[in-house]
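Peer 1: target_5.pdb (PDB, C-alpha atoms and all ligand atoms) pasted underneath:
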ATOM      1  CA  MET A  13      63.700 -57.688 -28.868  1.00  0.00           C
ATOM      2  CA  ILE A  14      62.578 -54.335 -30.295  1.00  0.00           C
ATOM      3  CA  GLU A  15      64.329 -52.458 -33.058  1.00  0.00           C
ATOM      4  CA  ILE A  16      65.864 -49.087 -32.128  1.00  0.00           C
ATOM      5  CA  ASN A  17      65.324 -46.436 -34.813  1.00  0.00           C
ATOM      6  CA  LYS A  18      68.154 -43.940 -34.813  1.00  0.00           C
ATOM      7  CA  TYR A  19      67.332 -40.379 -35.762  1.00  0.00           C
ATOM      8  CA  LYS A  20      69.661 -37.728 -37.181  1.00  0.00           C
ATOM      9  CA  ASN A  21      68.815 -35.306 -34.435  1.00  0.00           C
ATOM     10  CA  TYR A  22      66.328 -34.430 -31.723  1.00  0.00           C
ATOM     11  CA  ASP A  23      64.198 -32.199 -33.956  1.00  0.00           C
ATOM     12  CA  GLU A  24      63.710 -34.906 -36.601  1.00  0.00           C
ATOM     13  CA  MET A  25      62.799 -37.418 -33.912  1.00  0.00           C
ATOM     14  CA  SER A  26      60.285 -35.075 -32.268  1.00  0.00           C
ATOM     15  CA  LYS A  27      58.714 -34.044 -35.572  1.00  0.00           C
ATOM     16  CA  TRP A  28      58.242 -37.650 -36.631  1.00  0.00           C
ATOM     17  CA  VAL A  29      56.257 -38.434 -33.497  1.00  0.00           C
ATOM     18  CA  VAL A  30      54.079 -35.355 -33.969  1.00  0.00           C
ATOM     19  CA  GLU A  31      53.338 -36.502 -37.532  1.00  0.00           C
ATOM     20  CA  GLN A  32      52.199 -39.891 -36.227  1.00  0.00           C
ATOM     21  CA  ILE A  33      49.971 -38.214 -33.668  1.00  0.00           C
ATOM     22  CA  ARG A  34      48.525 -35.893 -36.320  1.00  0.00           C
ATOM     23  CA  ASP A  35      47.739 -38.772 -38.689  1.00  0.00           C
ATOM     24  CA  ALA A  36      46.176 -40.850 -35.945  1.00  0.00           C
ATOM     25  CA  ILE A  37      44.034 -37.987 -34.664  1.00  0.00           C
ATOM     26  CA  ASN A  38      42.862 -37.017 -38.129  1.00  0.00           C
ATOM     27  CA  PHE A  39      42.031 -40.636 -38.851  1.00  0.00           C
ATOM     28  CA  ASN A  40      40.343 -41.404 -35.538  1.00  0.00           C
ATOM     29  CA  SER A  41      38.602 -38.245 -34.544  1.00  0.00           C
ATOM     30  CA  VAL A  42      36.144 -38.256 -37.435  1.00  0.00           C
ATOM     31  CA  THR A  43      34.042 -40.684 -35.484  1.00  0.00           C
ATOM     32  CA  LYS A  44      35.384 -40.638 -31.944  1.00  0.00           C
ATOM     33  CA  HIS A  45      37.510 -38.701 -29.533  1.00  0.00           C
ATOM     34  CA  PHE A  46      41.205 -39.425 -29.131  1.00  0.00           C
ATOM     35  CA  THR A  47      43.247 -40.208 -26.026  1.00  0.00           C
ATOM     36  CA  LEU A  48      46.878 -39.261 -25.749  1.00  0.00           C
ATOM     37  CA  GLY A  49      49.201 -40.526 -23.026  1.00  0.00           C
ATOM     38  CA  LEU A  50      51.772 -37.871 -22.104  1.00  0.00           C
ATOM     39  CA  ALA A  51      55.107 -37.870 -20.307  1.00  0.00           C
ATOM     40  CA  THR A  52      57.027 -35.084 -18.616  1.00  0.00           C
ATOM     41  CA  GLY A  53      60.809 -34.678 -18.394  1.00  0.00           C
ATOM     42  CA  SER A  54      63.165 -33.268 -21.005  1.00  0.00           C
ATOM     43  CA  THR A  55      62.670 -35.917 -23.719  1.00  0.00           C
ATOM     44  CA  PRO A  56      59.159 -34.944 -24.940  1.00  0.00           C
ATOM     45  CA  LEU A  57      59.817 -31.185 -24.922  1.00  0.00           C
ATOM     46  CA  GLY A  58      60.469 -31.182 -28.691  1.00  0.00           C
ATOM     47  CA  ILE A  59      57.188 -33.009 -29.315  1.00  0.00           C
ATOM     48  CA  TYR A  60      55.310 -30.446 -27.251  1.00  0.00           C
ATOM     49  CA  LYS A  61      57.043 -27.595 -29.054  1.00  0.00           C
ATOM     50  CA  TYR A  62      55.964 -28.912 -32.468  1.00  0.00           C
ATOM     51  CA  MET A  63      52.511 -29.873 -31.240  1.00  0.00           C
ATOM     52  CA  ARG A  64      51.783 -26.240 -30.452  1.00  0.00           C
ATOM     53  CA  ASP A  65      51.666 -25.423 -34.184  1.00  0.00           C
ATOM     54  CA  GLU A  66      49.365 -28.286 -35.085  1.00  0.00           C
ATOM     55  CA  THR A  67      45.944 -27.350 -36.403  1.00  0.00           C
ATOM     56  CA  TRP A  68      43.993 -30.507 -35.533  1.00  0.00           C
ATOM     57  CA  ASP A  69      41.061 -30.066 -33.224  1.00  0.00           C
ATOM     58  CA  SER A  70      42.569 -30.568 -29.794  1.00  0.00           C
ATOM     59  CA  LYS A  71      39.123 -30.210 -28.232  1.00  0.00           C
ATOM     60  CA  LYS A  72      38.526 -33.796 -29.349  1.00  0.00           C
ATOM     61  CA  VAL A  73      41.546 -35.013 -27.445  1.00  0.00           C
ATOM     62  CA  TYR A  74      41.731 -36.246 -23.855  1.00  0.00           C
ATOM     63  CA  THR A  75      45.187 -36.396 -22.318  1.00  0.00           C
ATOM     64  CA  PHE A  76      46.434 -38.669 -19.547  1.00  0.00           C
ATOM     65  CA  ASN A  77      49.778 -38.009 -17.944  1.00  0.00           C
ATOM     66  CA  LEU A  78      51.883 -40.935 -16.818  1.00  0.00           C
ATOM     67  CA  ASP A  79      52.759 -39.673 -13.397  1.00  0.00           C
ATOM     68  CA  GLU A  80      52.637 -36.872 -10.867  1.00  0.00           C
ATOM     69  CA  TYR A  81      54.555 -36.166  -7.692  1.00  0.00           C
ATOM     70  CA  ALA A  82      52.606 -36.958  -4.548  1.00  0.00           C
ATOM     71  CA  ASP A  83      52.116 -34.349  -1.859  1.00  0.00           C
ATOM     72  CA  LEU A  84      53.084 -31.328  -3.971  1.00  0.00           C
ATOM     73  CA  PRO A  85      50.471 -28.576  -4.307  1.00  0.00           C
ATOM     74  CA  TYR A  86      49.068 -28.723  -7.879  1.00  0.00           C
ATOM     75  CA  ASN A  87      50.350 -25.245  -8.717  1.00  0.00           C
ATOM     76  CA  HIS A  88      53.855 -26.015  -7.385  1.00  0.00           C
ATOM     77  CA  PRO A  89      56.323 -24.990 -10.118  1.00  0.00           C
ATOM     78  CA  GLN A  90      57.753 -28.535 -10.197  1.00  0.00           C
ATOM     79  CA  SER A  91      54.434 -30.378 -10.291  1.00  0.00           C
ATOM     80  CA  TYR A  92      53.925 -32.243 -13.550  1.00  0.00           C
ATOM     81  CA  GLU A  93      50.630 -30.475 -14.041  1.00  0.00           C
ATOM     82  CA  HIS A  94      52.480 -27.179 -13.941  1.00  0.00           C
ATOM     83  CA  PHE A  95      55.101 -28.546 -16.338  1.00  0.00           C
ATOM     84  CA  MET A  96      52.403 -29.550 -18.833  1.00  0.00           C
ATOM     85  CA  GLU A  97      50.667 -26.207 -18.475  1.00  0.00           C
ATOM     86  CA  GLU A  98      53.864 -24.355 -19.231  1.00  0.00           C
ATOM     87  CA  ASN A  99      55.012 -26.523 -22.133  1.00  0.00           C
ATOM     88  CA  LEU A 100      51.798 -27.524 -23.861  1.00  0.00           C
ATOM     89  CA  PHE A 101      48.440 -26.788 -22.273  1.00  0.00           C
ATOM     90  CA  ALA A 102      48.964 -23.019 -22.300  1.00  0.00           C
ATOM     91  CA  TYR A 103      49.200 -23.288 -26.108  1.00  0.00           C
ATOM     92  CA  LYS A 104      46.756 -26.090 -26.871  1.00  0.00           C
ATOM     93  CA  GLN A 105      43.387 -26.558 -25.234  1.00  0.00           C
ATOM     94  CA  PHE A 106      42.467 -30.204 -24.817  1.00  0.00           C
ATOM     95  CA  ARG A 107      39.030 -31.572 -23.991  1.00  0.00           C
ATOM     96  CA  TYR A 108      40.217 -32.705 -20.577  1.00  0.00           C
ATOM     97  CA  SER A 109      43.625 -33.444 -19.083  1.00  0.00           C
ATOM     98  CA  TYR A 110      44.027 -36.025 -16.333  1.00  0.00           C
ATOM     99  CA  PHE A 111      46.863 -36.693 -13.882  1.00  0.00           C
ATOM    100  CA  PRO A 112      47.095 -39.767 -11.653  1.00  0.00           C
ATOM    101  CA  GLU A 113      46.154 -39.068  -8.065  1.00  0.00           C
ATOM    102  CA  ASN A 114      44.351 -42.221  -6.994  1.00  0.00           C
ATOM    103  CA  GLU A 115      43.771 -45.867  -7.918  1.00  0.00           C
ATOM    104  CA  ARG A 116      40.743 -45.091 -10.075  1.00  0.00           C
ATOM    105  CA  TYR A 117      42.988 -43.752 -12.858  1.00  0.00           C
ATOM    106  CA  ASP A 118      43.042 -46.968 -14.922  1.00  0.00           C
ATOM    107  CA  ASP A 119      39.241 -47.118 -14.844  1.00  0.00           C
ATOM    108  CA  ILE A 120      39.009 -43.518 -16.002  1.00  0.00           C
ATOM    109  CA  ILE A 121      41.340 -44.361 -18.905  1.00  0.00           C
ATOM    110  CA  LYS A 122      39.263 -47.433 -19.736  1.00  0.00           C
ATOM    111  CA  ASN A 123      36.019 -45.463 -19.628  1.00  0.00           C
ATOM    112  CA  ASN A 124      37.561 -43.069 -22.131  1.00  0.00           C
ATOM    113  CA  GLY A 125      38.283 -45.881 -24.552  1.00  0.00           C
ATOM    114  CA  GLY A 126      41.888 -46.638 -23.538  1.00  0.00           C
ATOM    115  CA  ILE A 127      45.009 -44.746 -24.595  1.00  0.00           C
ATOM    116  CA  ASP A 128      45.394 -44.468 -28.362  1.00  0.00           C
ATOM    117  CA  ILE A 129      48.993 -43.216 -28.359  1.00  0.00           C
ATOM    118  CA  GLN A 130      51.363 -43.274 -25.388  1.00  0.00           C
ATOM    119  CA  ILE A 131      54.550 -41.196 -25.353  1.00  0.00           C
ATOM    120  CA  LEU A 132      57.268 -42.582 -23.090  1.00  0.00           C
ATOM    121  CA  GLY A 133      60.744 -41.587 -21.943  1.00  0.00           C
ATOM    122  CA  ILE A 134      63.188 -43.870 -20.166  1.00  0.00           C
ATOM    123  CA  GLY A 135      65.167 -43.246 -16.983  1.00  0.00           C
ATOM    124  CA  THR A 136      68.863 -44.066 -16.738  1.00  0.00           C
ATOM    125  CA  ASN A 137      67.963 -47.021 -14.493  1.00  0.00           C
ATOM    126  CA  GLY A 138      65.406 -48.305 -17.004  1.00  0.00           C
ATOM    127  CA  HIS A 139      62.317 -46.900 -15.336  1.00  0.00           C
ATOM    128  CA  ILE A 140      59.241 -45.955 -17.343  1.00  0.00           C
ATOM    129  CA  ALA A 141      56.897 -43.457 -15.740  1.00  0.00           C
ATOM    130  CA  PHE A 142      57.828 -43.940 -12.060  1.00  0.00           C
ATOM    131  CA  ASN A 143      57.983 -47.731 -12.347  1.00  0.00           C
ATOM    132  CA  GLU A 144      61.362 -48.261 -10.780  1.00  0.00           C
ATOM    133  CA  PRO A 145      63.433 -51.477 -11.020  1.00  0.00           C
ATOM    134  CA  GLY A 146      61.525 -54.265  -9.314  1.00  0.00           C
ATOM    135  CA  SER A 147      58.114 -53.046 -10.500  1.00  0.00           C
ATOM    136  CA  PRO A 148      55.837 -55.968 -11.309  1.00  0.00           C
ATOM    137  CA  ARG A 149      54.562 -56.590 -14.846  1.00  0.00           C
ATOM    138  CA  ASP A 150      50.938 -56.527 -13.637  1.00  0.00           C
ATOM    139  CA  SER A 151      51.232 -53.216 -11.751  1.00  0.00           C
ATOM    140  CA  LEU A 152      48.470 -50.653 -12.148  1.00  0.00           C
ATOM    141  CA  THR A 153      48.299 -46.987 -11.135  1.00  0.00           C
ATOM    142  CA  ARG A 154      49.581 -46.615  -7.591  1.00  0.00           C
ATOM    143  CA  LYS A 155      51.565 -44.443  -5.182  1.00  0.00           C
ATOM    144  CA  VAL A 156      55.264 -45.372  -5.155  1.00  0.00           C
ATOM    145  CA  GLU A 157      58.423 -44.385  -3.336  1.00  0.00           C
ATOM    146  CA  LEU A 158      61.089 -42.885  -5.612  1.00  0.00           C
ATOM    147  CA  THR A 159      64.610 -44.317  -5.668  1.00  0.00           C
ATOM    148  CA  GLU A 160      67.605 -42.173  -4.802  1.00  0.00           C
ATOM    149  CA  ASN A 161      68.760 -42.520  -8.430  1.00  0.00           C
ATOM    150  CA  THR A 162      65.542 -40.977  -9.765  1.00  0.00           C
ATOM    151  CA  ARG A 163      65.430 -38.282  -7.112  1.00  0.00           C
ATOM    152  CA  LYS A 164      69.023 -37.392  -8.018  1.00  0.00           C
ATOM    153  CA  ASP A 165      68.185 -37.299 -11.772  1.00  0.00           C
ATOM    154  CA  ASN A 166      65.185 -35.061 -11.084  1.00  0.00           C
ATOM    155  CA  SER A 167      66.953 -32.801  -8.598  1.00  0.00           C
ATOM    156  CA  ARG A 168      68.169 -30.652 -11.496  1.00  0.00           C
ATOM    157  CA  PHE A 169      64.695 -29.113 -11.530  1.00  0.00           C
ATOM    158  CA  PHE A 170      64.740 -28.315  -7.791  1.00  0.00           C
ATOM    159  CA  ASP A 171      66.984 -26.070  -5.684  1.00  0.00           C
ATOM    160  CA  ILE A 172      68.333 -28.956  -3.620  1.00  0.00           C
ATOM    161  CA  ILE A 173      67.831 -32.727  -3.670  1.00  0.00           C
ATOM    162  CA  ASP A 174      65.978 -32.612  -0.333  1.00  0.00           C
ATOM    163  CA  ASP A 175      63.211 -30.662  -2.083  1.00  0.00           C
ATOM    164  CA  VAL A 176      62.514 -33.545  -4.526  1.00  0.00           C
ATOM    165  CA  PRO A 177      59.390 -35.383  -3.334  1.00  0.00           C
ATOM    166  CA  THR A 178      59.905 -38.899  -2.003  1.00  0.00           C
ATOM    167  CA  HIS A 179      56.675 -40.337  -3.480  1.00  0.00           C
ATOM    168  CA  ALA A 180      54.718 -40.118  -6.694  1.00  0.00           C
ATOM    169  CA  TRP A 181      51.575 -41.450  -8.336  1.00  0.00           C
ATOM    170  CA  THR A 182      52.357 -43.443 -11.437  1.00  0.00           C
ATOM    171  CA  MET A 183      50.623 -45.523 -14.048  1.00  0.00           C
ATOM    172  CA  GLY A 184      51.799 -49.116 -13.687  1.00  0.00           C
ATOM    173  CA  ILE A 185      53.490 -51.355 -16.230  1.00  0.00           C
ATOM    174  CA  GLU A 186      50.168 -53.033 -17.036  1.00  0.00           C
ATOM    175  CA  SER A 187      48.481 -49.622 -17.375  1.00  0.00           C
ATOM    176  CA  ILE A 188      51.121 -48.600 -19.927  1.00  0.00           C
ATOM    177  CA  MET A 189      51.043 -51.934 -21.784  1.00  0.00           C
ATOM    178  CA  ARG A 190      47.311 -51.443 -22.426  1.00  0.00           C
ATOM    179  CA  ALA A 191      48.028 -48.466 -24.726  1.00  0.00           C
ATOM    180  CA  LYS A 192      47.214 -49.247 -28.345  1.00  0.00           C
ATOM    181  CA  GLN A 193      50.411 -47.640 -29.663  1.00  0.00           C
ATOM    182  CA  ILE A 194      53.571 -46.681 -27.770  1.00  0.00           C
ATOM    183  CA  TYR A 195      56.428 -44.378 -28.789  1.00  0.00           C
ATOM    184  CA  LEU A 196      59.450 -44.759 -26.518  1.00  0.00           C
ATOM    185  CA  LEU A 197      61.995 -41.974 -26.977  1.00  0.00           C
ATOM    186  CA  ALA A 198      65.524 -41.512 -25.710  1.00  0.00           C
ATOM    187  CA  ASN A 199      67.698 -38.497 -26.362  1.00  0.00           C
ATOM    188  CA  GLY A 200      71.436 -38.527 -25.647  1.00  0.00           C
ATOM    189  CA  LYS A 201      74.385 -40.886 -25.359  1.00  0.00           C
ATOM    190  CA  HIS A 202      73.766 -41.343 -21.632  1.00  0.00           C
ATOM    191  CA  LYS A 203      70.554 -43.228 -22.522  1.00  0.00           C
ATOM    192  CA  LYS A 204      72.095 -45.537 -25.171  1.00  0.00           C
ATOM    193  CA  ASP A 205      73.281 -48.277 -22.853  1.00  0.00           C
ATOM    194  CA  ILE A 206      70.032 -48.625 -20.902  1.00  0.00           C
ATOM    195  CA  LEU A 207      67.959 -48.377 -24.083  1.00  0.00           C
ATOM    196  CA  GLU A 208      69.905 -51.246 -25.666  1.00  0.00           C
ATOM    197  CA  LYS A 209      69.526 -53.352 -22.542  1.00  0.00           C
ATOM    198  CA  ALA A 210      65.776 -52.638 -22.481  1.00  0.00           C
ATOM    199  CA  CYS A 211      65.282 -53.417 -26.168  1.00  0.00           C
ATOM    200  CA  TYR A 212      67.763 -56.249 -26.784  1.00  0.00           C
ATOM    201  CA  GLY A 213      68.310 -57.789 -23.356  1.00  0.00           C
ATOM    202  CA  ASP A 214      66.269 -60.131 -21.189  1.00  0.00           C
ATOM    203  CA  ILE A 215      62.818 -59.094 -20.087  1.00  0.00           C
ATOM    204  CA  THR A 216      63.293 -58.452 -16.392  1.00  0.00           C
ATOM    205  CA  SER A 217      61.790 -56.393 -13.600  1.00  0.00           C
ATOM    206  CA  ASP A 218      65.345 -55.062 -13.020  1.00  0.00           C
ATOM    207  CA  ILE A 219      64.801 -52.992 -16.183  1.00  0.00           C
ATOM    208  CA  PRO A 220      61.103 -52.105 -16.248  1.00  0.00           C
ATOM    209  CA  ALA A 221      61.361 -50.743 -19.827  1.00  0.00           C
ATOM    210  CA  SER A 222      62.294 -54.264 -20.984  1.00  0.00           C
ATOM    211  CA  TYR A 223      58.655 -55.304 -20.460  1.00  0.00           C
ATOM    212  CA  LEU A 224      57.880 -53.188 -23.510  1.00  0.00           C
ATOM    213  CA  GLN A 225      59.361 -55.964 -25.665  1.00  0.00           C
ATOM    214  CA  GLU A 226      56.032 -57.712 -25.058  1.00  0.00           C
ATOM    215  CA  HIS A 227      54.025 -54.876 -26.603  1.00  0.00           C
ATOM    216  CA  ASN A 228      52.927 -55.553 -30.166  1.00  0.00           C
ATOM    217  CA  ASN A 229      52.725 -51.953 -31.331  1.00  0.00           C
ATOM    218  CA  ILE A 230      55.763 -50.047 -30.143  1.00  0.00           C
ATOM    219  CA  GLU A 231      58.336 -47.849 -31.902  1.00  0.00           C
ATOM    220  CA  VAL A 232      61.602 -46.965 -30.192  1.00  0.00           C
ATOM    221  CA  LEU A 233      63.323 -43.751 -31.250  1.00  0.00           C
ATOM    222  CA  TYR A 234      66.837 -42.686 -30.336  1.00  0.00           C
ATOM    223  CA  CYS A 235      69.165 -39.797 -31.142  1.00  0.00           C
ATOM    224  CA  ASP A 236      72.492 -38.856 -29.589  1.00  0.00           C
TER     225      ASP A 236
HETATM  226  C1  LIG A 301      58.028 -38.564 -16.758  1.00  0.00           C
HETATM  227  C2  LIG A 301      58.404 -39.961 -16.800  1.00  0.00           C
HETATM  228  C3  LIG A 301      59.814 -40.390 -16.581  1.00  0.00           C
HETATM  229  C4  LIG A 301      60.751 -39.836 -17.647  1.00  0.00           C
HETATM  230  C5  LIG A 301      62.182 -40.365 -17.453  1.00  0.00           C
HETATM  231  C6  LIG A 301      63.142 -39.715 -18.423  1.00  0.00           C
HETATM  232  O1  LIG A 301      56.630 -38.413 -16.924  1.00  0.00           O
HETATM  233  O2  LIG A 301      57.554 -40.771 -16.990  1.00  0.00           O
HETATM  234  O3  LIG A 301      59.865 -41.775 -16.571  1.00  0.00           O
HETATM  235  O4  LIG A 301      60.282 -40.192 -18.915  1.00  0.00           O
HETATM  236  O5  LIG A 301      62.608 -40.107 -16.159  1.00  0.00           O
HETATM  237  O6  LIG A 301      63.264 -38.357 -18.122  1.00  0.00           O
HETATM  238  P1  LIG A 301      63.986 -37.333 -19.109  1.00  0.00           P
HETATM  239  O7  LIG A 301      63.134 -37.249 -20.333  1.00  0.00           O
HETATM  240  O8  LIG A 301      63.997 -36.025 -18.376  1.00  0.00           O
HETATM  241  O9  LIG A 301      65.336 -37.879 -19.389  1.00  0.00           O
END
Would you mind giving the structure from this file in structure tokens?
Peer 2:
Amino acid sequence: MIEINKYKNYDEMSKWVVEQIRDAINFNSVTKHFTLGLATGSTPLGIYKYMRDETWDSKKVYTFNLDEYADLPYNHPQSYEHFMEENLFAYKQFRYSYFPENERYDDIIKNNGGIDIQILGIGTNGHIAFNEPGSPRDSLTRKVELTENTRKDNSRFFDIIDDVPTHAWTMGIESIMRAKQIYLLANGKHKKDILEKACYGDITSDIPASYLQEHNNIEVLYCD
């Protein structure tokens, strides 16, 4: 079981996470570089908005995104790389930003010292990154087929659902669990039910986010 911290509103929730990132970077980066695990989707947009005004030295920071559509050109307007460029990287210059595109991703993360802080959203079916229901606990970065549910959720960013890619590269559950600190965020009443199941219910591959109950350094944030 993990406690769910309810926030007054989306701005407060986003600002709090940025403060944690700031403190951790200021603390860590005196001696070493920092690695930040990033998510796309609507949930972290507030974090990215507030991060733009931060004055810490982003040149010390390596970023690793959780996932990326497979078989989309990198400059496609719906690629996650493009999303990050538009919402964060155009404003903040990081040392290097990685996206998963092959099975070597977990080794690259490891060689960079592991992820210090991982930001996560949750899908309405309990997915984290593109680890859909049924994903094994020991999964690493791999190419997966997207469920109809996820393709439907994500079709709001495309003209028609047929344009949503059928496959993606994603960090696995084990890849995510290796992060030293995780912040799982959910924004909106439509996420409440699945968030409660993930945090209070049984740990099951039916709800991949429920594996996070086994992480010893996770904060769950919710606002409606
Ligand atoms: C995106 C990702 C996804 C989203 C999830 C929630 O990198 O990992 O798992 O976090 O689909 O999406 P939003 O935030 O749009 O509700």
Peer 1: On this file, the PyMOL selection byres (((not hetatm)) within 6 of (chain A and resi 301)) gives some set of residues; write that set as a list in words.
Peer 2: Ala51, Thr52, Gly53, Ser54, Thr55, Leu78, Asp79, Leu132, Gly133, Ile134, Gly135, His139, Ile140, Ala141 and Phe142 of chain A
Peer 1: Pick from A:Asp165, A:Asp174, A:Glu31, A:Glu15: nearest to A:Lys209, with all atoms listed in the file counted?
Peer 2: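 The closest residue to A:Lys209 is A:Glu15.
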Peer 1: Using the chain letters and numbers from the file, give me the residues hit by the PyMOL selection byres (((chain A and resi 236) around 7) and not hetatm), as a PyMOL selection string.
Peer 2: chain A and resi 199-201+234-235
Peer 1: Rounded to one decimal, what separation in Å do you get between atom CA of A:Tyr22 and atom CA of A:Leu50?
Peer 2: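 The value is 17.8 Å.
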Peer 1: Any chance you could resolve the PyMOL selection byres (((chain A and resi 81) around 8) and not hetatm) against this file and give the residues as an MDAnalysis selection string?
Peer 2: chainID A and resid 79:80 82:84 91:92 177 179:181
Peer 1: Tell me, in Å to one decimal, how far atom CA of A:Ala210 is from atom CA of A:Arg163.
Peer 2: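 So the answer is 21.0 Å.
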Peer 1: Edge lengths and centre, in Å to one decimal, as AutoDock Vina command-line options: that's what I need for the box along x, y and z that holds all listed atoms of stretch 162-180 of chain A plus 4 Å on each side.
Peer 2:
--center_x 61.9 --center_y -33.5 --center_z -6.1 --size_x 22.3 --size_y 22.9 --size_z 19.4
Peer 1: Which residues, written as a PyMOL selection string, have at least one atom at most 10 Å from stretch 220-227 of chain A, with only C-alpha atoms counted and residues fewer than 4 positions away on the same chain left out?
Peer 2: chain A and resi 13-15+132-135+137-149+185-186+188-194+196+206-216+231-232
Peer 1: Please produce a file of the residues just selected, as an mmCIF file, keeping the file's coordinate frame, where the atoms kept are C-alpha atoms.
Peer 2:
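Okay, selection-v5.cif is ready:
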data_model
loop_
_atom_site.group_PDB
_atom_site.id
_atom_site.type_symbol
_atom_site.label_atom_id
_atom_site.label_comp_id
_atom_site.auth_asym_id
_atom_site.auth_seq_id
_atom_site.Cartn_x
_atom_site.Cartn_y
_atom_site.Cartn_z
ATOM 1 C CA MET A 13 63.700 -57.688 -28.868
ATOM 2 C CA ILE A 14 62.578 -54.335 -30.295
ATOM 3 C CA GLU A 15 64.329 -52.458 -33.058
ATOM 4 C CA LEU A 132 57.268 -42.582 -23.090
ATOM 5 C CA GLY A 133 60.744 -41.587 -21.943
ATOM 6 C CA ILE A 134 63.188 -43.870 -20.166
ATOM 7 C CA GLY A 135 65.167 -43.246 -16.983
ATOM 8 C CA ASN A 137 67.963 -47.021 -14.493
ATOM 9 C CA GLY A 138 65.406 -48.305 -17.004
ATOM 10 C CA HIS A 139 62.317 -46.900 -15.336
ATOM 11 C CA ILE A 140 59.241 -45.955 -17.343
ATOM 12 C CA ALA A 141 56.897 -43.457 -15.740
ATOM 13 C CA PHE A 142 57.828 -43.940 -12.060
ATOM 14 C CA ASN A 143 57.983 -47.731 -12.347
ATOM 15 C CA GLU A 144 61.362 -48.261 -10.780
ATOM 16 C CA PRO A 145 63.433 -51.477 -11.020
ATOM 17 C CA GLY A 146 61.525 -54.265 -9.314
ATOM 18 C CA SER A 147 58.114 -53.046 -10.500
ATOM 19 C CA PRO A 148 55.837 -55.968 -11.309
ATOM 20 C CA ARG A 149 54.562 -56.590 -14.846
ATOM 21 C CA ILE A 185 53.490 -51.355 -16.230
ATOM 22 C CA GLU A 186 50.168 -53.033 -17.036
ATOM 23 C CA ILE A 188 51.121 -48.600 -19.927
ATOM 24 C CA MET A 189 51.043 -51.934 -21.784
ATOM 25 C CA ARG A 190 47.311 -51.443 -22.426
ATOM 26 C CA ALA A 191 48.028 -48.466 -24.726
ATOM 27 C CA LYS A 192 47.214 -49.247 -28.345
ATOM 28 C CA GLN A 193 50.411 -47.640 -29.663
ATOM 29 C CA ILE A 194 53.571 -46.681 -27.770
ATOM 30 C CA LEU A 196 59.450 -44.759 -26.518
ATOM 31 C CA ILE A 206 70.032 -48.625 -20.902
ATOM 32 C CA LEU A 207 67.959 -48.377 -24.083
ATOM 33 C CA GLU A 208 69.905 -51.246 -25.666
ATOM 34 C CA LYS A 209 69.526 -53.352 -22.542
ATOM 35 C CA ALA A 210 65.776 -52.638 -22.481
ATOM 36 C CA CYS A 211 65.282 -53.417 -26.168
ATOM 37 C CA TYR A 212 67.763 -56.249 -26.784
ATOM 38 C CA GLY A 213 68.310 -57.789 -23.356
ATOM 39 C CA ASP A 214 66.269 -60.131 -21.189
ATOM 40 C CA ILE A 215 62.818 -59.094 -20.087
ATOM 41 C CA THR A 216 63.293 -58.452 -16.392
ATOM 42 C CA GLU A 231 58.336 -47.849 -31.902
ATOM 43 C CA VAL A 232 61.602 -46.965 -30.192
#
Peer 1: Hey, can you check how far atom CA of A:Leu233 sits from atom CA of A:Thr47?
Peer 2: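 We find that atom CA of A:Leu233 and atom CA of A:Thr47 lie 21.0 Å from each other.
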Peer 1: Up to 12 Å from (53.6, -27.0, -24.0) in the file's coordinates: name the residues, counting all atoms listed in the file, as a PDB file with C-alpha atoms, keeping the file's coordinate frame.
Peer 2:
ATOM      1  CA  LEU A  50      51.772 -37.871 -22.104  1.00  0.00           C
ATOM      2  CA  ALA A  51      55.107 -37.870 -20.307  1.00  0.00           C
ATOM      3  CA  THR A  52      57.027 -35.084 -18.616  1.00  0.00           C
ATOM      4  CA  GLY A  53      60.809 -34.678 -18.394  1.00  0.00           C
ATOM      5  CA  SER A  54      63.165 -33.268 -21.005  1.00  0.00           C
ATOM      6  CA  PRO A  56      59.159 -34.944 -24.940  1.00  0.00           C
ATOM      7  CA  LEU A  57      59.817 -31.185 -24.922  1.00  0.00           C
ATOM      8  CA  GLY A  58      60.469 -31.182 -28.691  1.00  0.00           C
ATOM      9  CA  ILE A  59      57.188 -33.009 -29.315  1.00  0.00           C
ATOM     10  CA  TYR A  60      55.310 -30.446 -27.251  1.00  0.00           C
ATOM     11  CA  LYS A  61      57.043 -27.595 -29.054  1.00  0.00           C
ATOM     12  CA  TYR A  62      55.964 -28.912 -32.468  1.00  0.00           C
ATOM     13  CA  MET A  63      52.511 -29.873 -31.240  1.00  0.00           C
ATOM     14  CA  ARG A  64      51.783 -26.240 -30.452  1.00  0.00           C
ATOM     15  CA  ASP A  65      51.666 -25.423 -34.184  1.00  0.00           C
ATOM     16  CA  GLU A  66      49.365 -28.286 -35.085  1.00  0.00           C
ATOM     17  CA  TYR A  92      53.925 -32.243 -13.550  1.00  0.00           C
ATOM     18  CA  GLU A  93      50.630 -30.475 -14.041  1.00  0.00           C
ATOM     19  CA  HIS A  94      52.480 -27.179 -13.941  1.00  0.00           C
ATOM     20  CA  PHE A  95      55.101 -28.546 -16.338  1.00  0.00           C
ATOM     21  CA  MET A  96      52.403 -29.550 -18.833  1.00  0.00           C
ATOM     22  CA  GLU A  97      50.667 -26.207 -18.475  1.00  0.00           C
ATOM     23  CA  GLU A  98      53.864 -24.355 -19.231  1.00  0.00           C
ATOM     24  CA  ASN A  99      55.012 -26.523 -22.133  1.00  0.00           C
ATOM     25  CA  LEU A 100      51.798 -27.524 -23.861  1.00  0.00           C
ATOM     26  CA  PHE A 101      48.440 -26.788 -22.273  1.00  0.00           C
ATOM     27  CA  ALA A 102      48.964 -23.019 -22.300  1.00  0.00           C
ATOM     28  CA  TYR A 103      49.200 -23.288 -26.108  1.00  0.00           C
ATOM     29  CA  LYS A 104      46.756 -26.090 -26.871  1.00  0.00           C
ATOM     30  CA  GLN A 105      43.387 -26.558 -25.234  1.00  0.00           C
ATOM     31  CA  PHE A 106      42.467 -30.204 -24.817  1.00  0.00           C
TER      32      PHE A 106
END
